[in-house]
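J.: target10.cif is reproduced in full below (mmCIF, C-alpha atoms).
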data_protein
loop_
_atom_site.label_atom_id
_atom_site.label_comp_id
_atom_site.auth_asym_id
_atom_site.auth_seq_id
_atom_site.Cartn_x
_atom_site.Cartn_y
_atom_site.Cartn_z
CA MET A 1 63.13 -59.15 36.07
CA HIS A 2 61.03 -57.83 38.89
CA LEU A 3 60.25 -59.20 42.34
CA SER A 4 58.18 -57.41 44.93
CA GLY A 5 57.29 -58.46 48.44
CA VAL A 6 58.05 -62.09 47.64
CA GLN A 7 57.56 -64.51 50.51
CA LYS A 8 57.79 -68.23 50.91
CA SER A 9 57.48 -70.39 54.00
CA TYR A 10 58.03 -74.07 54.56
CA GLY A 11 55.99 -74.94 57.62
CA GLN A 12 57.19 -72.67 60.40
CA THR A 13 60.32 -71.63 58.56
CA ARG A 14 60.28 -68.41 56.57
CA ALA A 15 62.66 -69.29 53.76
CA VAL A 16 62.10 -66.01 51.93
CA ASP A 17 60.79 -63.09 53.91
CA GLY A 18 59.80 -60.16 51.71
CA ILE A 19 62.21 -59.69 48.84
CA ASP A 20 62.11 -56.71 46.47
CA LEU A 21 64.51 -56.93 43.59
CA ASP A 22 64.78 -55.49 40.10
CA ILE A 23 67.34 -56.72 37.65
CA SER A 24 67.87 -55.01 34.31
CA PRO A 25 68.88 -56.75 31.10
CA GLY A 26 72.64 -57.17 30.81
CA GLU A 27 73.37 -57.31 34.52
CA ILE A 28 75.41 -60.08 36.07
CA VAL A 29 74.14 -60.52 39.58
CA ALA A 30 75.42 -62.78 42.34
CA LEU A 31 73.00 -64.00 44.94
CA LEU A 32 75.28 -64.48 47.89
CA GLY A 33 74.55 -65.84 51.31
CA PRO A 34 75.26 -68.64 53.75
CA ASN A 35 73.42 -71.95 53.52
CA GLY A 36 69.77 -71.53 54.39
CA ALA A 37 69.65 -67.85 53.45
CA GLY A 38 66.99 -68.55 50.84
CA LYS A 39 69.05 -68.57 47.64
CA SER A 40 67.69 -71.82 46.24
CA THR A 41 64.12 -70.97 47.17
CA ILE A 42 64.38 -67.68 45.29
CA ILE A 43 65.77 -69.47 42.26
CA ASP A 44 63.00 -72.08 42.33
CA MET A 45 60.45 -69.28 42.39
CA LEU A 46 62.16 -67.44 39.53
CA LEU A 47 61.91 -70.56 37.40
CA GLY A 48 58.32 -71.29 38.32
CA LEU A 49 59.23 -74.53 40.10
CA THR A 50 57.68 -73.19 43.31
CA ASP A 51 55.04 -70.52 43.73
CA PRO A 52 55.56 -67.72 46.23
CA ASP A 53 53.13 -67.50 49.16
CA GLY A 54 52.96 -63.72 48.78
CA GLY A 55 54.17 -60.95 46.51
CA HIS A 56 54.66 -61.28 42.81
CA ILE A 57 57.34 -62.01 40.25
CA ARG A 58 57.53 -60.98 36.59
CA ILE A 59 60.21 -62.02 34.16
CA PHE A 60 60.22 -60.17 30.84
CA GLY A 61 56.61 -59.30 31.74
CA ASP A 62 55.52 -62.91 32.20
CA VAL A 63 54.96 -65.05 35.26
CA PRO A 64 57.99 -67.32 35.82
CA SER A 65 56.49 -70.60 34.56
CA VAL A 66 55.46 -68.94 31.28
CA ALA A 67 58.85 -67.25 30.86
CA SER A 68 60.55 -70.63 31.41
CA SER A 69 58.39 -72.59 29.00
CA ARG A 70 58.85 -69.94 26.33
CA GLY A 71 62.58 -70.48 26.66
CA ARG A 72 63.35 -66.94 27.81
CA VAL A 73 64.97 -68.29 30.96
CA GLY A 74 67.58 -71.02 31.04
CA ALA A 75 68.73 -72.67 34.22
CA MET A 76 71.52 -74.76 35.62
CA LEU A 77 69.99 -76.48 38.59
CA GLN A 78 71.91 -77.56 41.64
CA SER A 79 70.60 -81.12 41.73
CA GLY A 80 70.37 -81.48 37.97
CA GLY A 81 70.93 -85.20 37.55
CA LEU A 82 71.17 -86.48 33.98
CA PRO A 83 69.52 -89.69 32.73
CA SER A 84 72.36 -92.17 32.39
CA GLU A 85 71.00 -94.00 29.33
CA LEU A 86 71.32 -91.06 26.94
CA THR A 87 74.36 -89.56 25.25
CA VAL A 88 75.17 -85.88 25.56
CA LEU A 89 73.97 -85.21 22.01
CA GLU A 90 70.71 -87.10 22.62
CA LEU A 91 70.10 -85.08 25.79
CA ILE A 92 70.61 -81.85 23.89
CA GLU A 93 68.28 -82.97 21.09
CA LEU A 94 65.66 -84.05 23.61
CA ILE A 95 65.63 -80.79 25.57
CA GLY A 96 65.82 -78.83 22.30
CA ALA A 97 62.64 -80.52 21.10
CA LEU A 98 60.82 -79.48 24.27
CA TYR A 99 61.20 -75.74 23.64
CA PRO A 100 59.28 -73.73 21.06
CA VAL A 101 62.55 -72.44 19.59
CA SER A 102 66.03 -73.79 20.22
CA LEU A 103 69.59 -73.49 18.98
CA PRO A 104 70.96 -76.20 16.66
CA ALA A 105 72.60 -79.01 18.65
CA ASP A 106 76.06 -78.51 17.14
CA GLU A 107 76.04 -74.84 18.10
CA VAL A 108 75.09 -75.73 21.67
CA LEU A 109 77.91 -78.30 21.80
CA GLU A 110 80.39 -75.75 20.56
CA ARG A 111 79.31 -72.95 22.88
CA ALA A 112 79.48 -75.21 25.91
CA ARG A 113 82.81 -76.64 24.67
CA ILE A 114 81.62 -80.21 24.82
CA ALA A 115 81.78 -81.20 21.15
CA ASP A 116 84.24 -83.92 22.16
CA LEU A 117 81.70 -85.40 24.59
CA ALA A 118 78.75 -85.55 22.17
CA SER A 119 78.59 -89.34 21.92
CA ARG A 120 79.46 -90.00 25.55
CA ARG A 121 76.80 -91.39 27.89
CA SER A 122 76.12 -89.07 30.77
CA ASP A 123 77.10 -91.64 33.40
CA LYS A 124 80.60 -91.69 31.88
CA LEU A 125 81.27 -88.01 32.56
CA SER A 126 83.34 -86.40 35.30
CA GLY A 127 81.81 -83.85 37.65
CA GLY A 128 83.18 -80.92 35.68
CA GLN A 129 82.07 -82.38 32.36
CA LYS A 130 78.55 -82.97 33.71
CA GLN A 131 78.42 -79.37 34.76
CA ARG A 132 79.35 -78.27 31.23
CA VAL A 133 76.55 -80.46 29.91
CA ARG A 134 74.14 -78.79 32.33
CA PHE A 135 75.33 -75.45 31.03
CA ALA A 136 74.66 -76.69 27.49
CA LEU A 137 71.11 -77.70 28.45
CA ALA A 138 70.58 -74.27 29.99
CA ILE A 139 71.50 -72.36 26.82
CA ILE A 140 69.51 -74.55 24.40
CA PRO A 141 66.51 -72.17 24.07
CA ASP A 142 68.94 -69.22 23.63
CA PRO A 143 67.52 -67.56 26.77
CA ASN A 144 67.84 -63.89 27.68
CA LEU A 145 68.25 -64.73 31.35
CA LEU A 146 70.40 -67.50 32.72
CA VAL A 147 69.86 -68.64 36.29
CA LEU A 148 72.60 -70.71 37.89
CA ASP A 149 72.28 -72.38 41.26
CA GLU A 150 75.74 -73.01 42.73
CA PRO A 151 77.12 -73.66 39.25
CA THR A 152 80.68 -74.54 40.18
CA ALA A 153 80.06 -76.54 43.35
CA ALA A 154 81.45 -79.78 41.91
CA MET A 155 84.34 -78.30 39.94
CA ASP A 156 88.06 -78.17 40.49
CA VAL A 157 89.91 -74.88 40.11
CA GLU A 158 90.73 -75.42 36.45
CA SER A 159 87.24 -76.33 35.30
CA ARG A 160 85.85 -73.51 37.40
CA GLN A 161 88.04 -71.05 35.50
CA ALA A 162 87.03 -72.55 32.14
CA PHE A 163 83.41 -72.43 33.17
CA TRP A 164 83.47 -68.74 33.97
CA THR A 165 85.30 -68.04 30.73
CA SER A 166 82.52 -69.59 28.68
CA MET A 167 79.97 -67.85 30.88
CA ARG A 168 81.57 -64.48 30.25
CA GLN A 169 81.51 -65.13 26.52
CA TRP A 170 77.86 -66.02 26.72
CA ALA A 171 76.95 -62.95 28.76
CA SER A 172 78.93 -60.54 26.60
CA GLY A 173 76.00 -60.34 24.18
CA GLY A 174 74.04 -58.26 26.71
CA ARG A 175 72.35 -61.20 28.37
CA THR A 176 71.44 -61.33 32.04
CA VAL A 177 72.99 -63.80 34.45
CA LEU A 178 71.84 -64.44 37.99
CA PHE A 179 73.85 -66.92 39.99
CA ALA A 180 73.66 -68.19 43.54
CA THR A 181 76.92 -69.01 45.22
CA HIS A 182 78.65 -69.12 48.53
CA TYR A 183 82.07 -68.69 46.97
CA LEU A 184 82.90 -65.08 47.70
CA GLU A 185 85.74 -64.84 45.18
CA GLU A 186 83.41 -65.96 42.45
CA ALA A 187 80.88 -63.26 43.23
CA ASP A 188 83.71 -60.76 43.57
CA ILE A 189 85.35 -61.54 40.25
CA PHE A 190 82.42 -62.33 38.04
CA ALA A 191 79.43 -60.29 39.25
CA ASP A 192 78.74 -56.59 38.60
CA ARG A 193 76.29 -56.58 41.42
CA ILE A 194 75.93 -58.54 44.61
CA VAL A 195 72.72 -59.23 46.44
CA LEU A 196 73.57 -60.43 49.91
CA LEU A 197 70.96 -62.52 51.69
CA ARG A 198 70.51 -63.43 55.30
CA GLU A 199 67.61 -65.44 56.67
CA GLY A 200 65.41 -64.78 53.67
CA ARG A 201 66.03 -61.03 53.53
CA ILE A 202 68.27 -58.83 51.44
CA VAL A 203 70.88 -57.27 53.74
CA ALA A 204 72.97 -55.61 51.05
CA ASP A 205 72.46 -54.91 47.36
CA GLY A 206 74.88 -52.98 45.24
CA ALA A 207 77.95 -52.93 43.06
CA THR A 208 80.61 -55.39 44.20
CA THR A 209 82.88 -52.57 45.43
CA GLU A 210 80.05 -50.98 47.42
CA VAL A 211 79.15 -54.19 49.15
CA ARG A 212 82.80 -54.76 49.96
CA ALA A 213 83.02 -51.30 51.55
CA LEU A 214 80.13 -52.17 53.85
CA GLY A 215 82.45 -54.53 55.65
CA GLY A 216 83.88 -51.58 57.55
CA GLY A 217 87.17 -49.67 57.51
CA ARG A 218 90.65 -50.65 56.48
CA THR A 219 93.52 -52.33 58.18
CA LEU A 220 96.94 -50.71 58.48
CA ARG A 221 99.95 -53.01 58.84
CA CYS A 222 103.56 -52.01 59.33
CA THR A 223 106.90 -53.13 60.74
CA LEU A 224 107.79 -51.16 63.86
CA PRO A 225 110.28 -52.59 66.39
CA LEU A 226 109.69 -51.89 70.08
CA ALA A 227 106.24 -50.50 69.49
CA ASP A 228 104.32 -49.15 72.45
CA LEU A 229 100.83 -50.63 72.33
CA ASP A 230 99.13 -47.82 74.27
CA ALA A 231 100.80 -45.07 72.28
CA LEU A 232 99.79 -46.70 69.02
CA GLY A 233 96.28 -47.22 70.28
CA SER A 234 95.91 -43.51 70.96
CA LEU A 235 96.77 -42.55 67.36
CA PRO A 236 93.81 -40.95 65.56
CA GLY A 237 91.48 -43.35 63.74
CA VAL A 238 92.79 -46.53 65.33
CA VAL A 239 90.18 -49.06 66.42
CA SER A 240 92.48 -51.64 67.98
CA VAL A 241 96.13 -52.71 67.90
CA SER A 242 97.76 -56.08 67.78
CA VAL A 243 101.51 -56.73 67.75
CA HIS A 244 103.23 -59.88 66.50
CA GLY A 245 106.99 -59.57 67.01
CA ASN A 246 107.96 -56.48 65.02
CA GLY A 247 104.72 -56.48 63.04
CA VAL A 248 101.87 -54.22 63.98
CA SER A 249 98.33 -54.60 62.71
CA MET A 250 95.72 -51.91 63.35
CA PRO A 251 92.15 -51.98 62.09
CA CYS A 252 91.27 -48.30 61.51
CA SER A 253 88.12 -46.32 61.08
CA ASP A 254 90.09 -43.52 59.36
CA SER A 255 93.26 -44.98 57.95
CA ASP A 256 94.30 -41.69 56.27
CA ALA A 257 94.52 -39.87 59.63
CA THR A 258 96.25 -42.85 61.20
CA VAL A 259 98.98 -43.10 58.60
CA ARG A 260 99.78 -39.37 58.81
CA ALA A 261 100.08 -39.45 62.60
CA LEU A 262 102.03 -42.71 62.51
CA LEU A 263 104.68 -41.29 60.19
CA GLY A 264 104.92 -38.10 62.29
CA GLN A 265 105.54 -39.92 65.54
CA TYR A 266 107.34 -43.02 64.25
CA PRO A 267 109.45 -42.12 61.22
CA GLU A 268 111.15 -45.53 61.55
CA ALA A 269 107.94 -47.41 60.68
CA ARG A 270 108.44 -49.38 57.46
CA ASP A 271 106.60 -51.75 55.12
CA ILE A 272 103.36 -49.84 55.56
CA GLU A 273 100.37 -51.52 54.00
CA ILE A 274 96.78 -50.36 54.05
CA GLY A 275 94.34 -53.01 53.02
CA GLY A 276 90.70 -52.51 52.17
CA ALA A 277 88.37 -54.74 54.03
CA GLY A 278 87.76 -57.77 51.85
CA LEU A 279 84.49 -59.16 50.68
CA ASN A 280 85.05 -61.85 53.29
CA GLU A 281 84.81 -59.34 56.11
CA ALA A 282 81.75 -57.71 54.57
CA PHE A 283 80.14 -61.10 54.11
CA LEU A 284 80.79 -62.14 57.69
CA ALA A 285 79.75 -58.79 59.14
CA LEU A 286 76.51 -58.71 57.19
CA THR A 287 75.44 -62.31 57.30
CA ALA A 288 76.39 -63.25 60.84
CA SER A 289 73.26 -64.18 62.74
CA PRO A 290 72.50 -61.95 65.75
CA GLU A 291 73.58 -64.51 68.36
CA VAL A 292 76.99 -64.77 66.81
CA GLU A 293 77.39 -61.01 66.81
CA VAL A 294 76.70 -60.86 70.55
CA ARG A 295 79.31 -63.47 71.29
CA SER A 296 82.02 -61.73 69.30
CA MET B 1 57.90 -82.25 20.51
CA THR B 2 56.02 -85.18 22.02
CA GLY B 3 57.40 -87.40 19.26
CA THR B 4 61.01 -86.69 20.16
CA TYR B 5 60.24 -87.11 23.85
CA MET B 6 58.60 -90.51 23.24
CA ARG B 7 61.45 -91.71 21.02
CA SER B 8 63.92 -90.69 23.67
CA GLU B 9 61.95 -92.52 26.38
CA VAL B 10 61.80 -95.73 24.30
CA ARG B 11 65.50 -95.49 23.46
CA ARG B 12 66.30 -95.17 27.17
CA LYS B 13 64.30 -98.32 27.94
CA PHE B 14 66.24 -100.38 25.42
CA ARG B 15 69.49 -99.23 27.04
CA ASP B 16 68.25 -99.95 30.54
CA PRO B 17 69.64 -103.33 31.67
CA ARG B 18 66.66 -103.85 33.96
CA TYR B 19 64.27 -103.69 31.00
CA VAL B 20 66.43 -105.89 28.79
CA ILE B 21 66.88 -108.52 31.50
CA PHE B 22 63.48 -108.58 33.21
CA ALA B 23 61.10 -107.65 30.41
CA LEU B 24 62.87 -109.10 27.35
CA ALA B 25 65.14 -111.94 28.46
CA MET B 26 63.40 -113.39 31.52
CA PRO B 27 60.01 -114.18 29.90
CA LEU B 28 61.82 -115.94 27.04
CA ILE B 29 64.02 -117.93 29.40
CA LEU B 30 61.08 -118.96 31.57
CA PHE B 31 59.02 -119.90 28.53
CA GLY B 32 61.96 -122.00 27.31
CA ALA B 33 62.25 -123.69 30.70
CA PHE B 34 58.59 -124.43 31.43
CA GLY B 35 56.57 -124.28 28.27
CA ALA B 36 58.55 -124.59 25.09
CA ALA B 37 58.81 -128.39 25.10
CA GLN B 38 55.23 -129.02 26.22
CA SER B 39 53.48 -128.79 22.89
CA HIS B 40 51.78 -132.17 23.36
CA ASN B 41 50.47 -131.85 26.91
CA HIS B 42 47.22 -130.07 27.49
CA LEU B 43 45.97 -127.80 30.22
CA SER B 44 42.47 -126.27 30.32
CA GLY B 45 41.87 -127.39 26.76
CA ILE B 46 44.96 -125.81 25.20
CA THR B 47 48.55 -126.99 24.97
CA VAL B 48 50.78 -126.24 27.94
CA ALA B 49 53.09 -124.41 25.55
CA ALA B 50 50.30 -122.00 24.58
CA TYR B 51 49.30 -121.57 28.21
CA VAL B 52 52.83 -120.75 29.39
CA MET B 53 53.45 -118.58 26.33
CA VAL B 54 50.54 -116.31 27.17
CA SER B 55 51.56 -116.26 30.85
CA MET B 56 55.11 -115.23 30.04
CA ALA B 57 54.05 -112.65 27.46
CA THR B 58 51.86 -111.13 30.15
CA PHE B 59 54.73 -111.19 32.62
CA GLY B 60 57.02 -109.39 30.12
CA ALA B 61 54.38 -106.81 29.21
CA MET B 62 53.59 -106.05 32.83
CA SER B 63 57.28 -105.73 33.76
CA SER B 64 57.62 -103.17 30.97
CA VAL B 65 54.60 -101.14 31.97
CA PHE B 66 55.29 -101.26 35.71
CA SER B 67 58.84 -99.98 35.35
CA THR B 68 57.36 -96.58 34.43
CA GLY B 69 56.44 -95.75 38.02
CA GLY B 70 59.95 -96.52 39.20
CA ALA B 71 61.40 -94.42 36.38
CA ILE B 72 59.36 -91.38 37.43
CA ALA B 73 60.43 -91.79 41.06
CA PHE B 74 64.07 -92.08 39.99
CA GLU B 75 63.92 -88.95 37.84
CA ARG B 76 62.42 -87.03 40.71
CA ALA B 77 65.18 -88.26 42.99
CA ILE B 78 68.03 -87.12 40.72
CA GLY B 79 66.31 -83.84 39.84
CA TRP B 80 65.93 -84.51 36.11
CA ASN B 81 62.22 -83.74 36.25
CA ARG B 82 63.08 -80.19 37.37
CA GLN B 83 65.07 -79.74 34.17
CA LEU B 84 62.03 -80.93 32.20
CA ARG B 85 59.63 -78.75 34.18
CA ILE B 86 61.34 -75.57 33.03
CA THR B 87 60.78 -76.51 29.40
CA ALA B 88 57.45 -76.28 27.60
CA LEU B 89 56.71 -79.93 28.42
CA THR B 90 53.63 -79.98 30.64
CA GLY B 91 53.28 -82.30 33.63
CA ARG B 92 50.43 -84.07 31.86
CA ALA B 93 52.51 -84.65 28.71
CA TYR B 94 55.38 -85.91 30.87
CA VAL B 95 53.24 -88.58 32.56
CA ALA B 96 51.42 -89.46 29.32
CA GLY B 97 54.73 -89.82 27.49
CA LYS B 98 56.10 -92.08 30.19
CA GLY B 99 52.96 -94.22 30.20
CA LEU B 100 52.84 -94.56 26.41
CA ALA B 101 56.54 -95.42 26.30
CA GLY B 102 55.83 -98.16 28.86
CA PHE B 103 53.23 -99.68 26.52
CA ALA B 104 55.40 -99.19 23.46
CA VAL B 105 58.18 -101.28 25.01
CA ALA B 106 55.66 -103.88 26.27
CA VAL B 107 54.97 -104.78 22.63
CA PRO B 108 58.44 -106.18 21.79
CA SER B 109 58.56 -108.18 25.01
CA LEU B 110 55.31 -109.99 24.23
CA VAL B 111 56.05 -110.31 20.50
CA LEU B 112 59.33 -112.08 21.32
CA VAL B 113 57.53 -114.66 23.45
CA PHE B 114 54.83 -115.09 20.78
CA LEU B 115 57.52 -115.66 18.15
CA ALA B 116 59.19 -118.26 20.33
CA GLY B 117 55.83 -119.95 20.91
CA GLY B 118 54.76 -119.91 17.27
CA LEU B 119 58.08 -120.85 15.68
CA LEU B 120 59.62 -123.21 18.22
CA SER B 121 56.68 -124.71 20.08
CA HIS B 122 54.18 -124.81 17.24
CA VAL B 123 51.48 -122.84 18.98
CA HIS B 124 48.93 -122.37 16.21
CA LEU B 125 46.46 -119.52 16.48
CA SER B 126 44.57 -117.63 13.81
CA ALA B 127 45.89 -114.17 12.94
CA GLY B 128 42.93 -112.58 14.67
CA ARG B 129 43.51 -114.67 17.78
CA TRP B 130 47.21 -113.66 17.99
CA LEU B 131 46.21 -110.02 17.72
CA MET B 132 43.40 -110.24 20.27
CA THR B 133 45.61 -112.14 22.73
CA GLY B 134 48.29 -109.44 22.45
CA LEU B 135 45.79 -106.63 22.85
CA SER B 136 44.11 -108.19 25.85
CA ILE B 137 47.48 -108.67 27.54
CA LEU B 138 48.25 -104.96 27.01
CA GLN B 139 44.76 -104.07 28.18
CA SER B 140 45.17 -106.07 31.38
CA SER B 141 48.60 -104.51 32.02
CA ARG B 142 46.95 -101.12 31.72
CA SER B 143 44.22 -101.91 34.22
CA LYS B 144 46.78 -103.32 36.65
CA SER B 145 49.01 -100.28 36.41
CA THR B 146 46.29 -97.67 37.00
#
Could you show the structure in this file as structure tokens?
T.:
Amino acid sequence: MHLSGVQKSYGQTRAVDGIDLDISPGEIVALLGPNGAGKSTIIDMLLGLTDPDGGHIRIFGDVPSVASSRGRVGAMLQSGGLPSELTVLELIELIGALYPVSLPADEVLERARIADLASRRSDKLSGGQKQRVRFALAIIPDPNLLVLDEPTAAMDVESRQAFWTSMRQWASGGRTVLFATHYLEEADIFADRIVLLREGRIVADGATTEVRALGGGRTLRCTLPLADLDALGSLPGVVSVSVHGNGVSMPCSDSDATVRALLGQYPEARDIEIGGAGLNEAFLALTASPEVEVRS
Amino acid sequence: MTGTYMRSEVRRKFRDPRYVIFALAMPLILFGAFGAAQSHNHLSGITVAAYVMVSMATFGAMSSVFSTGGAIAFERAIGWNRQLRITALTGRAYVAGKGLAGFAVAVPSLVLVFLAGGLLSHVHLSAGRWLMTGLSILQSSRSKST
């Protein structure tokens, strides 16, 4: 999958402002960003539902609409309502008939774990069950790329877990998954690679661990009674100090230097913890809009 | 491909309470109320029963055909048409399928009223006349809906 210089505007708003992105087969990529960052617009363009104003997109060498109609791309759409008059099995048979090649209905039911819902009308399904049906519809043409727009938005914790389990199974055959989300944990746990978007641009793109490291340094926490704020603040590598009772918390730029000096000067310090900056911090640091940065 | 899509569209209509009530039941009920018993009175040279029968068959057929527009709007609103757009179904085939399904389900609604007229109210027409009446009702529904 290849995007270069892709742009899209709605009126005065630049929803997507020059995106270059290459995704190789087998990658599991999270498209992460706050609301309005351009995630859904990118997905619509990847599926051929919207055309970009500039730049070009190729999926397995085809333009998106051709790749979709050939069944090489499957999608779980955010607003994917289901016609209430049809049963789950009838929906699967209908969509199956609309692709040049599709998996047998019973295999789709089994892979999406909805065999028990086959004869149920779609208006009699819970939110989580509907989402599994949408997943079933997405895998009908046995696509090589699966695009998911906020796939677990309507799910409780349990169905979310089950969903990602079946997704992992599906992807284990070397297939590519691209999903948009604003759940950081989901991107953290499931993706190999995170593409972080802000205002229609890519602000970070890399392995999950790399993106997490962009959030800045680490935080050192310890228990140290009667700590002297100024003395702690002058330790090497310390950015700032905060004390809560006996607990001390120090964001550090060089936590290795800090911990050595701390133990030299305060051998009584206990319960030392050094935490990596989380994906949360990276996300906030990288996606905060400029005005917010000034205020903080 | 188009066959399965059409079958699915027709099946959905028969499960849609609005179609069953307004296009199948209502014309029959209204024919029963206003025309069924009037096989001896005449209006414009034909029996009132025949007159009302044709009116109600037209009403049923048009309700069937007109519901297509609403169905397309509804599918757009819930996002189902996006799911269809990423398949090989073209926009043209989508609209054509919807339109044809509308006509396909217009047939039972007018046939039911014709049956009621012929069997209960003794409306006697030649076979050719029955057929031409049905076709002209469908034809006029088409020109009204485009």
J.: Quick one: of A:Pro25, A:Gly36, A:Gly5, A:Gly71, who's nearest to chain B, counting only C-alpha atoms?
T.: A:Gly71
J.: Any chance you could work out the axis-aligned box around region 68-75 of chain B, listed atoms only, 8 Å on each side, giving centre and edge lengths in Å to one decimal, as lines of an AutoDock Vina configuration file?
T.:
center_x = 60.3
center_y = -92.8
center_z = 37.7
size_x = 23.6
size_y = 23.6
size_z = 22.6
J.: Counting all atoms listed in the file, give me one row per residue of region 88-192 of chain A with an atom at most 12 Å from an atom of region 82-96 of chain B, showing the shortest contact pair and its distance in Å to one decimal, sorted by chain then residue number, as JSON lines.
T.:
{"residue": "A:Leu91", "atom": "CA", "partner": "B:Leu84", "partner_atom": "CA", "distance": 11.1}
{"residue": "A:Ile92", "atom": "CA", "partner": "B:Gln83", "partner_atom": "CA", "distance": 11.9}
{"residue": "A:Leu94", "atom": "CA", "partner": "B:Leu84", "partner_atom": "CA", "distance": 9.8}
{"residue": "A:Ile95", "atom": "CA", "partner": "B:Thr87", "partner_atom": "CA", "distance": 7.5}
{"residue": "A:Gly96", "atom": "CA", "partner": "B:Thr87", "partner_atom": "CA", "distance": 9.0}
{"residue": "A:Ala97", "atom": "CA", "partner": "B:Ala88", "partner_atom": "CA", "distance": 9.3}
{"residue": "A:Leu98", "atom": "CA", "partner": "B:Ala88", "partner_atom": "CA", "distance": 5.7}
{"residue": "A:Tyr99", "atom": "CA", "partner": "B:Ala88", "partner_atom": "CA", "distance": 5.5}
{"residue": "A:Pro100", "atom": "CA", "partner": "B:Ala88", "partner_atom": "CA", "distance": 7.3}
{"residue": "A:Val101", "atom": "CA", "partner": "B:Ala88", "partner_atom": "CA", "distance": 10.2}
{"residue": "A:Ser102", "atom": "CA", "partner": "B:Thr87", "partner_atom": "CA", "distance": 10.9}
{"residue": "A:Arg134", "atom": "CA", "partner": "B:Gln83", "partner_atom": "CA", "distance": 9.3}
{"residue": "A:Phe135", "atom": "CA", "partner": "B:Gln83", "partner_atom": "CA", "distance": 11.6}
{"residue": "A:Leu137", "atom": "CA", "partner": "B:Gln83", "partner_atom": "CA", "distance": 8.6}
{"residue": "A:Ala138", "atom": "CA", "partner": "B:Gln83", "partner_atom": "CA", "distance": 8.8}
{"residue": "A:Ile139", "atom": "CA", "partner": "B:Thr87", "partner_atom": "CA", "distance": 11.8}
{"residue": "A:Ile140", "atom": "CA", "partner": "B:Thr87", "partner_atom": "CA", "distance": 10.2}
{"residue": "A:Pro141", "atom": "CA", "partner": "B:Thr87", "partner_atom": "CA", "distance": 8.9}
{"residue": "A:Pro143", "atom": "CA", "partner": "B:Thr87", "partner_atom": "CA", "distance": 11.5}
{"residue": "A:Val147", "atom": "CA", "partner": "B:Ile86", "partner_atom": "CA", "distance": 11.5}
J.: For the file shown, report as an MDAnalysis selection string the outcome of the PyMOL selection byres ((chain A) within 8 of (chain B)) at residue level.
T.: chainID A and resid 47:49 65 68:71 74:75 77 79:83 85:86 90 94:95 97:100
J.: Identify all residues satisfying the PyMOL selection byres ((chain A and resi 223-228) around 10) in the given file; provide them as a VMD selection string.
T.: chain A and resid 221 to 222 229 to 233 243 to 249 266 to 273
J.: Which residues fall under the PyMOL selection byres ((chain B and resi 36) around 12) in this file, as number ranges by chain?
T.: B: 27-35, 37-41, 47-54, 56, 113-123
J.: Residues within 9 Å of Ser67 (chain B), please, as a list of chain:residue names. Count only C-alpha atoms; anything in the same chain fewer than 3 positions from it doesn't count.
T.: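 What passes the distance filter is B:Arg18, B:Tyr19, B:Met62, B:Ser63, B:Ser64, B:Gly70, B:Ala71, B:Ile72, B:Gly102.
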J.: Out of A:Thr50, A:Thr87, A:Thr181, A:Asn144, which residue has the shortest atom-to-atom distance to Leu117 (chain A) when counting all atoms listed in the file?
T.: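 Among the listed residues, the smallest separation from Leu117 (chain A) belongs to A:Thr87.
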J.: Which one of A:Leu196, A:Ala191, A:Leu148, A:Ile23 sits closest to Thr208 (chain A) if you count only C-alpha atoms?
T.: A:Ala191
J.: What does the structure give for the distance between CA of Asp142 (chain A) and CA of Leu103 (chain A), in Å to one decimal?
T.: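 Result for CA of Asp142 (chain A) versus CA of Leu103 (chain A): 6.3 Å, one decimal.
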J.: Would you compute the distance between CA of Ile189 (chain A) and CA of Ile114 (chain A)? Give it in Å to one decimal.
T.: 24.5 Å
J.: Tell me, in Å to one decimal, how far CA of His2 (chain A) is from CA of Thr152 (chain A).
T.: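 Spanning CA of His2 (chain A) to CA of Thr152 (chain A) is a straight-line distance of 25.8 Å.
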J.: Between B:Val10, B:His42, B:Thr58, B:Val20, single out the one closest to Lys98 (chain B), counting all atoms listed in the file.
T.: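 Nearest candidate to Lys98 (chain B) out of B:Val10, B:His42, B:Thr58, B:Val20: B:Val10.
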J.: From the options A:Ala180, A:Leu220, A:Ala207, A:Leu262, which residue's atoms come nearest to Pro34 (chain A), counting only C-alpha atoms?
T.: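 Closest candidate: A:Ala180.
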J.: Name the residues within 12 Å of (80.5, -65.9, 42.0), counting all atoms listed in the file in the file's coordinates, and put them as a PyMOL selection string.
T.: chain A and resi 28-33+148-153+160-161+163-164+167-168+177-196+208+279
J.: Which polymer residues, protein or nucleic acid, are no farther than 10 Å from (93.9, -47.9, 55.8), counting all atoms listed in the file, as a list in words?
T.: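 The requested residues, written out, are Gly217, Arg218, Thr219, Leu220, Arg221, Gly237, Val238, Met250, Pro251, Cys252, Ser253, Asp254, Ser255, Asp256, Ala257, Thr258, Val259, Ile272, Glu273, Ile274, Gly275, Gly276 and Ala277 of chain A.
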J.: For the structure just given, write the atoms of region 181-191 of chain A, namely C-alpha atoms, as an mmCIF file, in the first residue's frame.
T.:
data_model
loop_
_atom_site.group_PDB
_atom_site.id
_atom_site.type_symbol
_atom_site.label_atom_id
_atom_site.label_comp_id
_atom_site.auth_asym_id
_atom_site.auth_seq_id
_atom_site.Cartn_x
_atom_site.Cartn_y
_atom_site.Cartn_z
ATOM 1 C CA THR A 181 -8.357 4.226 16.827
ATOM 2 C CA HIS A 182 -8.101 6.707 19.616
ATOM 3 C CA TYR A 183 -7.636 4.004 22.229
ATOM 4 C CA LEU A 184 -3.940 4.172 22.984
ATOM 5 C CA GLU A 185 -3.771 0.799 24.729
ATOM 6 C CA GLU A 186 -5.228 -0.852 21.681
ATOM 7 C CA ALA A 187 -2.605 0.618 19.391
ATOM 8 C CA ASP A 188 0.054 -0.228 21.959
ATOM 9 C CA ILE A 189 -0.915 -3.863 22.380
ATOM 10 C CA PHE A 190 -2.043 -4.827 18.935
ATOM 11 C CA ALA A 191 -0.055 -2.761 16.417
#
